[in-house]
file run08.txt (compact mmCIF, C-alpha atoms and all ligand atoms)
# COMPACT_ATOMS: atom_id res chain seq x y z
CA MET A 238 4.21 76.47 1.84
CA ASP A 239 5.69 73.18 2.97
CA GLN A 240 7.56 73.90 6.22
CA LYS A 241 9.18 70.51 6.42
CA GLN A 242 12.95 70.41 5.98
CA TYR A 243 14.11 67.30 4.12
CA ASP A 244 17.63 65.97 4.34
CA TYR A 245 17.87 65.50 0.56
CA ALA A 246 15.80 66.75 -2.33
CA ILE A 247 16.28 65.11 -5.73
CA ILE A 248 14.94 67.06 -8.69
CA GLY A 249 14.24 64.67 -11.56
CA ALA A 250 13.57 60.95 -11.25
CA GLY A 251 15.10 59.99 -14.59
CA ALA A 252 18.12 57.80 -15.27
CA ALA A 253 20.33 59.71 -12.83
CA GLY A 254 17.86 60.75 -10.12
CA LEU A 255 16.23 57.36 -9.86
CA GLN A 256 19.56 55.51 -9.77
CA LEU A 257 20.73 57.84 -7.01
CA ILE A 258 17.52 57.19 -5.05
CA LEU A 259 17.94 53.41 -5.49
CA LYS A 260 21.50 53.63 -4.15
CA MET A 261 20.30 55.63 -1.14
CA ILE A 262 17.52 53.12 -0.43
CA HIS A 263 20.06 50.31 -0.17
CA GLU A 264 22.43 52.10 2.22
CA PRO A 265 21.53 51.90 5.94
CA PHE A 266 23.00 55.44 6.37
CA PHE A 267 19.97 56.91 4.58
CA LYS A 268 17.30 54.91 6.46
CA GLU A 269 16.90 57.64 9.07
CA ARG A 270 17.14 60.48 6.52
CA THR A 271 14.19 62.12 4.81
CA ILE A 272 14.35 62.21 1.02
CA LEU A 273 12.14 64.25 -1.30
CA VAL A 274 11.79 63.40 -4.98
CA LEU A 275 10.41 66.07 -7.29
CA ASP A 276 9.53 65.42 -10.91
CA ARG A 277 7.13 67.15 -13.25
CA ASP A 278 6.35 63.87 -14.94
CA ASP A 279 4.64 60.66 -13.76
CA LYS A 280 7.49 58.53 -15.15
CA ARG A 281 5.21 55.95 -16.76
CA ALA A 282 6.00 56.32 -20.44
CA ASN A 283 8.54 54.28 -22.32
CA ASP A 284 10.35 57.42 -23.45
CA ARG A 285 13.80 55.91 -24.02
CA THR A 286 15.59 52.63 -24.52
CA TRP A 287 18.86 52.49 -22.62
CA CYS A 288 21.67 50.29 -23.81
CA PHE A 289 25.05 49.91 -22.20
CA TRP A 290 27.83 47.36 -21.83
CA GLU A 291 29.10 45.86 -18.61
CA PRO A 292 30.93 42.68 -17.69
CA GLY A 293 28.92 39.63 -16.63
CA LYS A 294 25.61 39.40 -14.84
CA THR A 295 24.42 42.28 -12.67
CA LYS A 296 21.27 43.65 -11.11
CA TRP A 297 20.26 45.08 -14.51
CA ASP A 298 19.82 41.63 -16.05
CA GLY A 299 16.44 41.24 -14.35
CA LEU A 300 15.16 44.44 -16.00
CA ALA A 301 16.78 43.90 -19.39
CA THR A 302 14.61 43.28 -22.47
CA HIS A 303 17.55 41.72 -24.28
CA ILE A 304 21.27 41.04 -23.79
CA TRP A 305 23.88 40.48 -26.53
CA SER A 306 27.39 39.02 -26.34
CA GLN A 307 28.14 39.54 -30.03
CA GLY A 308 28.14 42.73 -32.03
CA LYS A 309 29.16 44.00 -35.43
CA PHE A 310 30.42 47.14 -37.08
CA ILE A 311 29.73 47.75 -40.77
CA ASN A 312 30.96 50.17 -43.42
CA ASN A 313 31.10 50.03 -47.20
CA LYS A 314 34.34 48.05 -47.15
CA GLU A 315 33.87 45.53 -44.38
CA THR A 316 31.75 43.94 -41.68
CA VAL A 317 33.65 43.35 -38.48
CA ASP A 318 32.19 40.93 -35.94
CA PHE A 319 33.21 41.33 -32.34
CA ASP A 320 32.87 39.11 -29.34
CA LEU A 321 32.15 41.33 -26.37
CA ARG A 322 32.81 38.80 -23.65
CA PRO A 323 33.27 39.19 -20.70
CA TYR A 324 31.19 42.30 -21.54
CA ARG A 325 27.53 42.04 -22.49
CA TYR A 326 25.45 44.70 -24.19
CA LYS A 327 22.15 45.18 -22.37
CA MET A 328 18.89 46.88 -23.28
CA VAL A 329 16.71 48.30 -20.51
CA ARG A 330 13.46 49.96 -21.50
CA SER A 331 12.72 53.04 -19.42
CA GLU A 332 9.19 51.96 -18.47
CA SER A 333 10.59 48.83 -16.74
CA PHE A 334 13.19 50.93 -14.95
CA TYR A 335 10.69 53.59 -13.82
CA ARG A 336 8.20 50.93 -12.61
CA PHE A 337 10.91 49.11 -10.65
CA GLY A 338 12.24 52.40 -9.17
CA LYS A 339 8.81 53.58 -8.07
CA GLU A 340 8.04 50.23 -6.40
CA GLU A 341 11.32 50.45 -4.45
CA VAL A 342 10.52 54.04 -3.41
CA GLN A 343 7.10 52.98 -2.12
CA LYS A 344 8.62 50.17 -0.08
CA ALA A 345 11.29 52.43 1.44
CA GLY A 346 9.00 54.47 3.69
CA ASN A 347 11.29 57.53 4.11
CA ILE A 348 10.86 58.94 0.60
CA THR A 349 8.23 61.50 -0.40
CA TRP A 350 7.51 61.77 -4.14
CA ILE A 351 5.78 64.94 -5.35
CA LYS A 352 4.85 65.81 -8.91
CA ASP A 353 5.83 69.43 -9.46
CA GLU A 354 7.60 71.56 -12.05
CA ILE A 355 10.65 73.12 -10.43
CA VAL A 356 11.30 76.69 -11.40
CA SER A 357 14.42 77.63 -9.46
CA ILE A 358 16.59 77.01 -6.43
CA GLU A 359 17.45 79.67 -3.87
CA LYS A 360 20.07 78.46 -1.42
CA GLN A 361 18.30 75.49 0.23
CA ASP A 362 14.84 76.32 -1.10
CA VAL A 363 13.52 74.52 -4.14
CA ILE A 364 10.83 76.65 -5.74
CA GLY A 365 8.17 74.62 -7.50
CA GLU A 366 5.04 75.71 -9.33
CA LYS A 367 2.94 74.17 -6.54
CA GLN A 368 5.03 75.07 -3.51
CA THR A 369 8.50 75.66 -2.07
CA TYR A 370 10.48 72.81 -0.52
CA ARG A 371 13.49 73.00 1.74
CA ALA A 372 16.35 70.50 1.93
CA THR A 373 19.78 70.34 3.48
CA HIS A 374 21.22 69.18 0.16
CA ILE A 375 19.71 69.27 -3.32
CA PHE A 376 20.49 67.07 -6.34
CA ASP A 377 19.38 68.68 -9.57
CA SER A 378 18.89 67.03 -13.00
CA ARG A 379 17.80 70.21 -14.80
CA ILE A 380 20.28 71.30 -17.47
CA PRO A 381 21.64 74.77 -16.59
CA GLN A 382 20.35 77.55 -18.84
CA GLU A 383 23.93 78.76 -19.25
CA PHE A 384 24.77 75.55 -21.13
CA HIS A 385 22.35 76.57 -23.90
CA GLU A 386 23.52 80.18 -23.90
CA LYS A 387 27.26 79.48 -24.00
CA GLN A 388 27.34 76.61 -26.53
CA ASP A 389 29.54 78.60 -28.90
CA ASN A 390 32.36 78.82 -26.37
CA TYR A 391 32.76 75.02 -26.27
CA HIS A 392 33.05 72.06 -28.60
CA SER A 393 29.51 70.79 -28.86
CA LEU A 394 27.70 68.35 -31.07
CA ILE A 395 24.27 66.81 -30.83
CA GLN A 396 23.63 63.10 -31.00
CA HIS A 397 20.19 62.99 -32.60
CA PHE A 398 18.26 60.01 -33.80
CA LYS A 399 14.98 58.45 -34.65
CA GLY A 400 14.27 54.77 -34.23
CA TRP A 401 11.50 52.37 -35.13
CA PHE A 402 10.71 49.16 -33.30
CA ILE A 403 9.68 46.99 -36.22
CA LYS A 404 8.00 43.62 -36.38
CA THR A 405 8.15 41.28 -39.36
CA LYS A 406 5.90 38.30 -40.15
CA SER A 407 8.76 35.92 -40.94
CA PRO A 408 12.21 35.67 -39.31
CA ALA A 409 14.48 38.51 -40.44
CA PHE A 410 16.96 39.07 -37.60
CA ASP A 411 19.64 37.30 -35.63
CA PRO A 412 18.80 38.16 -31.99
CA GLY A 413 22.30 37.05 -30.96
CA THR A 414 24.09 39.98 -32.63
CA PHE A 415 23.48 43.71 -32.63
CA THR A 416 24.92 46.30 -35.01
CA MET A 417 26.75 49.04 -33.14
CA MET A 418 27.18 51.22 -36.23
CA ASP A 419 26.45 50.69 -39.92
CA TYR A 420 27.95 53.44 -42.07
CA ARG A 421 26.67 52.23 -45.44
CA LEU A 422 23.90 54.83 -45.39
CA LYS A 423 24.95 58.36 -44.45
CA TRP A 424 23.43 61.79 -44.39
CA LYS A 425 25.66 63.90 -46.65
CA ASP A 426 29.25 64.06 -45.37
CA SER A 427 28.31 63.71 -41.74
CA THR A 428 28.98 61.29 -38.92
CA SER A 429 25.78 59.31 -39.36
CA PHE A 430 24.98 55.64 -39.15
CA THR A 431 22.29 53.08 -38.40
CA TYR A 432 22.12 51.15 -35.15
CA VAL A 433 20.23 47.83 -35.12
CA LEU A 434 19.12 46.00 -31.99
CA PRO A 435 17.35 42.73 -32.81
CA ILE A 436 15.36 41.46 -29.84
CA SER A 437 13.93 38.38 -31.52
CA GLU A 438 13.96 36.83 -35.00
CA THR A 439 11.03 39.06 -35.95
CA GLU A 440 11.59 42.25 -33.88
CA ALA A 441 14.27 44.92 -33.80
CA LEU A 442 14.90 48.54 -32.95
CA VAL A 443 16.42 50.24 -35.99
CA GLU A 444 17.73 53.74 -35.34
CA PHE A 445 19.19 56.32 -37.74
CA THR A 446 21.67 58.43 -35.77
CA LEU A 447 23.78 61.52 -36.44
CA PHE A 448 26.56 63.15 -34.40
CA ASN A 449 26.59 66.69 -35.79
CA ASP A 450 25.07 70.10 -35.18
CA GLN A 451 22.13 70.00 -37.56
CA LEU A 452 18.82 68.37 -36.67
CA LEU A 453 16.85 66.80 -39.53
CA MET A 454 13.15 67.15 -40.30
CA THR A 455 11.14 64.25 -38.86
CA ASP A 456 10.37 62.84 -42.28
CA GLU A 457 14.07 62.88 -43.23
CA TYR A 458 14.88 60.41 -40.43
CA ASP A 459 11.91 58.35 -41.66
CA GLN A 460 13.23 58.33 -45.21
CA TYR A 461 16.60 57.04 -44.07
CA LEU A 462 15.02 54.37 -41.86
CA ARG A 463 12.77 53.21 -44.68
CA GLN A 464 15.70 53.06 -47.08
CA TYR A 465 17.96 51.22 -44.65
CA ILE A 466 15.36 48.60 -43.79
CA TYR A 467 14.59 47.95 -47.45
CA LYS A 468 18.09 48.09 -48.90
CA TYR A 469 20.34 46.76 -46.14
CA LEU A 470 18.07 44.60 -44.01
CA ASP A 471 16.30 43.36 -47.12
CA ILE A 472 12.87 43.68 -45.49
CA ASP A 473 9.95 45.00 -47.50
CA SER A 474 7.04 44.25 -45.22
CA TYR A 475 6.92 45.17 -41.53
CA GLU A 476 4.88 46.87 -38.88
CA ILE A 477 6.22 49.83 -36.83
CA THR A 478 5.21 49.03 -33.27
CA GLU A 479 6.90 51.95 -31.47
CA VAL A 480 8.90 55.06 -32.30
CA GLU A 481 11.81 56.52 -30.34
CA GLN A 482 13.25 59.93 -31.10
CA GLY A 483 15.69 61.96 -29.09
CA LEU A 484 18.77 64.05 -28.80
CA ILE A 485 21.71 63.90 -26.46
CA PRO A 486 24.13 66.81 -25.99
CA MET A 487 27.78 65.88 -26.62
CA SER A 488 29.79 68.75 -25.21
CA ASP A 489 32.91 69.66 -23.26
CA TYR A 490 30.95 72.37 -21.43
CA PRO A 491 32.14 72.39 -17.77
CA PHE A 492 28.90 71.27 -16.07
CA HIS A 493 30.82 70.76 -12.80
CA THR A 494 31.17 74.53 -12.34
CA HIS A 495 27.48 74.62 -11.34
CA HIS A 496 27.94 72.48 -8.22
CA SER A 497 27.68 74.48 -5.02
CA LYS A 498 27.68 73.89 -1.28
CA PHE A 499 23.98 73.02 -1.26
CA VAL A 500 23.38 71.85 -4.83
CA THR A 501 24.94 69.01 -6.85
CA LEU A 502 24.07 68.58 -10.49
CA ILE A 503 23.42 65.05 -11.66
CA GLY A 504 22.85 63.23 -14.95
CA THR A 505 23.18 65.11 -18.22
CA ALA A 506 23.12 68.32 -16.17
CA GLY A 507 26.08 67.08 -14.12
CA GLY A 508 28.17 66.16 -17.18
CA TRP A 509 27.50 62.42 -16.80
CA VAL A 510 27.04 61.91 -20.54
CA ARG A 511 30.35 60.77 -22.03
CA PRO A 512 30.73 63.48 -24.69
CA SER A 513 32.44 61.20 -27.19
CA SER A 514 29.76 58.50 -27.14
CA GLY A 515 26.53 59.94 -25.72
CA TYR A 516 26.26 57.02 -23.29
CA SER A 517 25.38 57.85 -19.69
CA PHE A 518 23.16 55.16 -18.17
CA LYS A 519 26.11 53.22 -16.79
CA ASN A 520 27.81 56.42 -15.65
CA ALA A 521 24.69 57.14 -13.62
CA ASP A 522 25.19 53.76 -11.93
CA ARG A 523 28.89 54.42 -11.27
CA TYR A 524 28.58 58.05 -10.25
CA SER A 525 25.57 57.63 -7.99
CA THR A 526 27.50 54.89 -6.15
CA MET A 527 30.43 57.31 -5.75
CA MET A 528 28.11 60.08 -4.55
CA VAL A 529 26.48 57.92 -1.92
CA GLU A 530 29.92 56.77 -0.68
CA ASN A 531 31.10 60.39 -0.53
CA ILE A 532 28.04 61.48 1.45
CA ILE A 533 28.52 58.66 3.95
CA LYS A 534 32.17 59.71 4.40
CA GLY A 535 31.13 63.34 4.94
CA LYS A 536 32.66 64.55 1.65
CA ARG A 537 31.13 66.70 -1.07
CA PRO A 538 28.89 64.34 -3.13
CA GLU A 539 30.59 65.11 -6.46
CA LYS A 540 34.14 64.55 -5.23
CA GLY A 541 36.24 62.56 -7.74
CA ILE A 542 33.57 62.38 -10.42
CA GLY A 543 34.71 62.90 -14.02
CA THR A 544 38.49 62.91 -14.27
CA SER A 545 40.18 65.66 -16.22
CA ARG A 546 42.21 63.19 -18.31
CA PHE A 547 39.05 61.76 -19.91
CA ARG A 548 37.51 65.22 -20.26
CA MET A 549 40.58 66.20 -22.25
CA TYR A 550 40.23 63.20 -24.61
CA ASP A 551 36.57 64.03 -25.15
CA SER A 552 37.39 67.61 -25.86
CA ILE A 553 39.95 66.57 -28.49
CA PHE A 554 37.46 64.18 -30.03
CA LEU A 555 34.70 66.81 -30.19
CA ASN A 556 37.14 69.34 -31.57
CA VAL A 557 38.00 66.98 -34.46
CA LEU A 558 34.39 66.03 -35.23
CA SER A 559 33.19 69.63 -35.02
CA ALA A 560 35.80 70.74 -37.55
CA ARG A 561 35.66 67.62 -39.78
CA ASN A 562 32.34 65.86 -39.27
CA ASP A 563 33.04 63.71 -42.33
CA LEU A 564 35.85 61.93 -40.42
CA GLY A 565 33.44 60.17 -38.05
CA GLU A 566 33.19 56.99 -40.09
CA ASP A 567 36.95 56.58 -40.28
CA ILE A 568 37.47 57.40 -36.59
CA PHE A 569 34.80 54.99 -35.37
CA THR A 570 35.99 52.32 -37.79
CA ARG A 571 39.47 52.56 -36.26
CA LEU A 572 38.00 52.52 -32.75
CA TYR A 573 35.51 49.68 -33.03
CA THR A 574 37.40 47.39 -35.36
CA LYS A 575 40.39 47.06 -33.09
CA PRO A 576 41.08 43.43 -32.22
CA ASP A 577 40.45 44.19 -28.56
CA ILE A 578 36.99 45.75 -28.22
CA GLN A 579 37.24 45.24 -24.43
CA SER A 580 40.00 47.87 -24.17
CA VAL A 581 37.78 50.31 -26.08
CA PHE A 582 34.97 49.68 -23.58
CA ARG A 583 37.40 50.24 -20.70
CA PHE A 584 38.50 53.50 -22.34
CA LEU A 585 34.92 54.68 -22.84
CA ASP A 586 34.12 53.66 -19.25
CA GLU A 587 37.05 55.77 -17.99
CA GLU A 588 38.59 52.64 -16.49
CA SER A 589 41.63 52.36 -18.77
CA SER A 590 45.22 53.02 -17.74
CA LEU A 591 47.20 55.89 -19.26
CA ALA A 592 49.16 53.33 -21.34
CA GLU A 593 45.90 51.90 -22.74
CA ASP A 594 44.62 55.42 -23.49
CA ILE A 595 47.75 56.22 -25.46
CA LYS A 596 47.29 52.98 -27.44
CA VAL A 597 43.68 53.87 -28.24
CA MET A 598 44.57 57.45 -29.20
CA PHE A 599 47.46 56.26 -31.40
CA SER A 600 45.20 53.74 -33.11
CA LEU A 601 43.05 56.66 -34.32
CA ASN A 602 46.19 58.00 -35.97
CA LYS A 603 44.79 61.06 -37.69
CA PRO A 604 46.72 64.34 -38.04
CA GLN A 605 43.56 66.16 -36.99
CA PHE A 606 43.83 64.51 -33.56
CA TRP A 607 47.34 65.77 -32.98
CA LYS A 608 46.32 69.25 -34.08
CA ALA A 609 43.32 69.18 -31.73
CA PHE A 610 45.58 67.79 -28.98
CA LEU A 611 47.89 70.82 -29.29
CA GLN A 612 44.93 73.23 -29.45
CA THR A 613 43.63 71.79 -26.16
CA PHE A 614 46.81 73.00 -24.45
CA VAL A 615 46.74 76.49 -25.88
CA ARG A 616 43.03 77.12 -25.18
C1 LIG A 701 15.69 58.69 -26.47
C2 LIG A 701 17.00 58.57 -25.73
C3 LIG A 701 17.69 57.35 -25.74
C4 LIG A 701 18.90 57.23 -25.04
N1 LIG A 701 19.56 56.04 -25.07
C5 LIG A 701 20.68 55.88 -24.34
C6 LIG A 701 21.34 54.62 -24.30
O1 LIG A 701 20.98 53.70 -25.01
N2 LIG A 701 22.41 54.49 -23.47
C7 LIG A 701 22.87 55.51 -22.69
O2 LIG A 701 23.81 55.31 -21.91
N3 LIG A 701 22.30 56.72 -22.76
C8 LIG A 701 21.22 56.94 -23.56
N4 LIG A 701 20.62 58.16 -23.60
C9 LIG A 701 21.31 59.30 -22.92
C10 LIG A 701 21.01 59.37 -21.41
O3 LIG A 701 21.28 58.13 -20.79
C11 LIG A 701 19.58 59.74 -21.12
O4 LIG A 701 19.30 60.99 -21.68
C12 LIG A 701 19.31 59.77 -19.61
O5 LIG A 701 17.93 59.65 -19.46
C13 LIG A 701 19.86 61.01 -18.92
O6 LIG A 701 19.55 60.94 -17.58
P1 LIG A 701 19.10 62.20 -16.73
O7 LIG A 701 18.65 61.71 -15.41
O8 LIG A 701 20.11 63.25 -16.81
O9 LIG A 701 17.84 62.78 -17.55
P2 LIG A 701 16.39 62.21 -17.65
O10 LIG A 701 16.40 60.73 -17.65
O11 LIG A 701 15.77 62.92 -18.80
O12 LIG A 701 15.70 62.67 -16.29
C14 LIG A 701 15.49 64.02 -15.98
C15 LIG A 701 14.23 64.08 -15.13
O13 LIG A 701 14.08 65.41 -14.66
C16 LIG A 701 12.72 65.80 -14.78
N5 LIG A 701 12.72 67.26 -14.91
C17 LIG A 701 13.39 68.00 -15.81
N6 LIG A 701 13.15 69.31 -15.60
C18 LIG A 701 12.33 69.38 -14.53
C19 LIG A 701 11.72 70.46 -13.83
N7 LIG A 701 11.92 71.72 -14.18
N8 LIG A 701 10.93 70.16 -12.78
C20 LIG A 701 10.72 68.88 -12.40
N9 LIG A 701 11.25 67.82 -13.03
C21 LIG A 701 12.05 68.07 -14.08
C22 LIG A 701 12.25 65.08 -16.05
O14 LIG A 701 10.84 64.91 -16.03
C23 LIG A 701 12.97 63.76 -15.94
O15 LIG A 701 12.22 62.80 -15.24
C24 LIG A 701 19.43 58.33 -24.31
C25 LIG A 701 18.74 59.54 -24.34
C26 LIG A 701 17.56 59.66 -25.04
C27 LIG A 701 16.86 61.01 -25.07

call {"tool": "encode", "arguments": {"input": "run08.txt", "output": "structure tokens"}}
result
Amino acid sequence: MDQKQYDYAIIGAGAAGLQLILKMIHEPFFKERTILVLDRDDKRANDRTWCFWEPGKTKWDGLATHIWSQGKFINNKETVDFDLRPYRYKMVRSESFYRFGKEEVQKAGNITWIKDEIVSIEKQDVIGEKQTYRATHIFDSRIPQEFHEKQDNYHSLIQHFKGWFIKTKSPAFDPGTFTMMDYRLKWKDSTSFTYVLPISETEALVEFTLFNDQLLMTDEYDQYLRQYIYKYLDIDSYEITEVEQGLIPMSDYPFHTHHSKFVTLIGTAGGWVRPSSGYSFKNADRYSTMMVENIIKGKRPEKGIGTSRFRMYDSIFLNVLSARNDLGEDIFTRLYTKPDIQSVFRFLDEESSLAEDIKVMFSLNKPQFWKAFLQTFVR
């Protein structure tokens, strides 16, 4: 039994946990505090490719594999090119992020990193398979069991996808432009599309993605990828250099109800995934900054995180897509082909004004939205 009492224990050194640790390392307030990091994994594998938009150059540029300023949206009727500037769309591979995070942790001197599978938390005790740890405050990235058990009470979809990093012998891509969504190839009447991230003239990540409630068999994703690459990218010879497969919960489940005096949930477990988009890497940046500021000011770490106005929009959105999954193409076409993509990014980043939100919601202009809007108030 480890008798040492740490000031902070962070369970999970993934996108959220590691960003929180990095924020703590750079704040003098935490220099004299003891921090324990617990993860069951070594965090070496390249298990995900994070992409996100943000304005201008930031600290992430140094870790980014590729950055785009131009994007496109495609459906059977049109191809819409958009200029993201001042935003840039950045790709950070997880192995670069984990390596960088671990190097910073080593340099810090006040952080202990232990590999252990955490089983439960009892007040301020974190019970691991190897031992029990005690901390004044605990940050937890494990998704609450109740989320899985109570899915049916909420609007929930799954963003699930499989992607291939492919390499061609001759130039086949424009590395200056990525494809946010291409709806020309769909799985039945679902919200499904292909996402293409060219990182050079001969390399790209091509991902077939669905926002629905039905996972596919592994070879079904493969079939769609093969078909897309052949038919729409016009490539018949390539090598698959890496595979990425995953799922992201998109739900209006109230994750915040699991915060307590001693425990704050972070990352997917804390509701940091924007339910309408599945993006959360940038939220982890934003929210861990807010948490560190709150701690320094003596407030509860989670104070002010996730405003109810945006939760309501997400709930409406999930309500519509759960009832009419076939509407996804039309909804996203209306969203991403607006002349001002920057206002959409601000909306998805929860940085838009109420007037901008109303504009975005009106632009979707579907009766199903107004119905879902009314249902939100009578729930
Ligand atoms: C393949 C994939 C690609 C994605 N791409 C994007 C993207 O492009 N952009 C974007 O914004 N979002 C993306 N996401 C969504 C989201 O950003 C990621 O899921 C993100 O990693 C979530 O951060 P997290 O810290 O909550 O979880 P994770 O990064 O999964 O970290 C959780 C950590 O907790 C540890 N852990 C879990 N349970 C225990 C336990 N019992 N004991 C000890 N340790 C434990 C895990 O080992 C892990 O290290 C993607 C997700 C996936 C799966």

call {"tool": "atom_distance", "arguments": {"input": "run08.txt", "atom1": "CA of Glu315 in chain A", "atom2": "CA of Asp450 in chain A"}}
result
27.7 Å

call {"tool": "residues_near_ligand", "arguments": {"input": "run08.txt", "ligand": "ligand LIG 701 (chain A)", "cutoff": "8 Å", "atoms": "only C-alpha atoms and all ligand atoms", "output": "JSON, numbers by chain"}}
result
{"A": [248, 249, 250, 251, 252, 253, 254, 255, 275, 276, 277, 278, 279, 280, 284, 285, 286, 287, 288, 289, 328, 352, 353, 354, 355, 356, 357, 365, 378, 379, 380, 398, 481, 482, 483, 484, 485, 503, 504, 505, 506, 507, 509, 510, 515, 516, 517, 518, 519, 520, 521]}

call {"tool": "residues_around", "arguments": {"input": "run08.txt", "residues": "Tyr245 in chain A", "least_positions_apart": "4", "cutoff": "7 Å", "atoms": "all atoms listed in the file", "output": "ChimeraX atom specification"}}
result
/A:271-273,372-375

call {"tool": "atom_distance", "arguments": {"input": "run08.txt", "atom1": "CA of Gln388 in chain A", "atom2": "CA of Asp563 in chain A"}}
result
21.2 Å

call {"tool": "closest_residue", "arguments": {"input": "run08.txt", "among": "A:Gln612, A:Thr431, A:Ser600, A:Ser488", "to": "Ser514 in chain A", "atoms": "all atoms listed in the file"}}
result
A:Ser488

call {"tool": "residues_around", "arguments": {"input": "run08.txt", "residues": "Asn313 in chain A", "least_positions_apart": "4", "cutoff": "12 Å", "atoms": "all atoms listed in the file", "output": "PyMOL selection string"}}
result
chain A and resi 317+418-423+430+469+566-567+570

call {"tool": "atom_distance", "arguments": {"input": "run08.txt", "atom1": "CA of Ile472 in chain A", "atom2": "CA of Pro408 in chain A"}}
result
10.1 Å

call {"tool": "closest_residue", "arguments": {"input": "run08.txt", "among": "A:Phe547, A:Phe319, A:Phe334, A:Tyr370", "to": "Trp350 in chain A", "atoms": "all atoms listed in the file"}}
result
A:Tyr370

call {"tool": "closest_residue", "arguments": {"input": "run08.txt", "among": "A:Lys404, A:Arg548, A:Lys534, A:Arg511", "to": "Phe266 in chain A", "atoms": "all atoms listed in the file"}}
result
A:Lys534

call {"tool": "residues_around", "arguments": {"input": "run08.txt", "residues": "Tyr475 in chain A", "least_positions_apart": "5", "cutoff": "10 Å", "atoms": "all atoms listed in the file", "output": "tab-separated table (two decimals) with C-alpha atoms, in the coordinates of the input"}}
result
chain	number	residue	atom	x	y	z
A	402	PHE	CA	10.71	49.16	-33.30
A	403	ILE	CA	9.68	46.99	-36.22
A	404	LYS	CA	8.00	43.62	-36.38
A	405	THR	CA	8.15	41.28	-39.36
A	406	LYS	CA	5.90	38.30	-40.15
A	407	SER	CA	8.76	35.92	-40.94
A	439	THR	CA	11.03	39.06	-35.95
A	440	GLU	CA	11.59	42.25	-33.88
A	466	ILE	CA	15.36	48.60	-43.79

call {"tool": "residues_near_point", "arguments": {"input": "run08.txt", "point": "(18.8, 52.1, -3.0)", "cutoff": "12 Å", "atoms": "only C-alpha atoms", "output": "PyMOL selection string"}}
result
chain A and resi 254-268+272+296+337-345+347-348+522+525-526+529

call {"tool": "axis_aligned_box", "arguments": {"input": "run08.txt", "around": "range 290-305 of chain A", "padding_each_side": "3 Å", "output": "AutoDock Vina command-line options"}}
result
--center_x 22.8 --center_y 43.4 --center_z -18.8 --size_x 22.3 --size_y 14.0 --size_z 21.4

call {"tool": "residues_near_point", "arguments": {"input": "run08.txt", "point": "(37.4, 59.3, -32.8)", "cutoff": "6 Å", "atoms": "all atoms listed in the file", "output": "PyMOL selection string"}}
result
chain A and resi 554+568-569
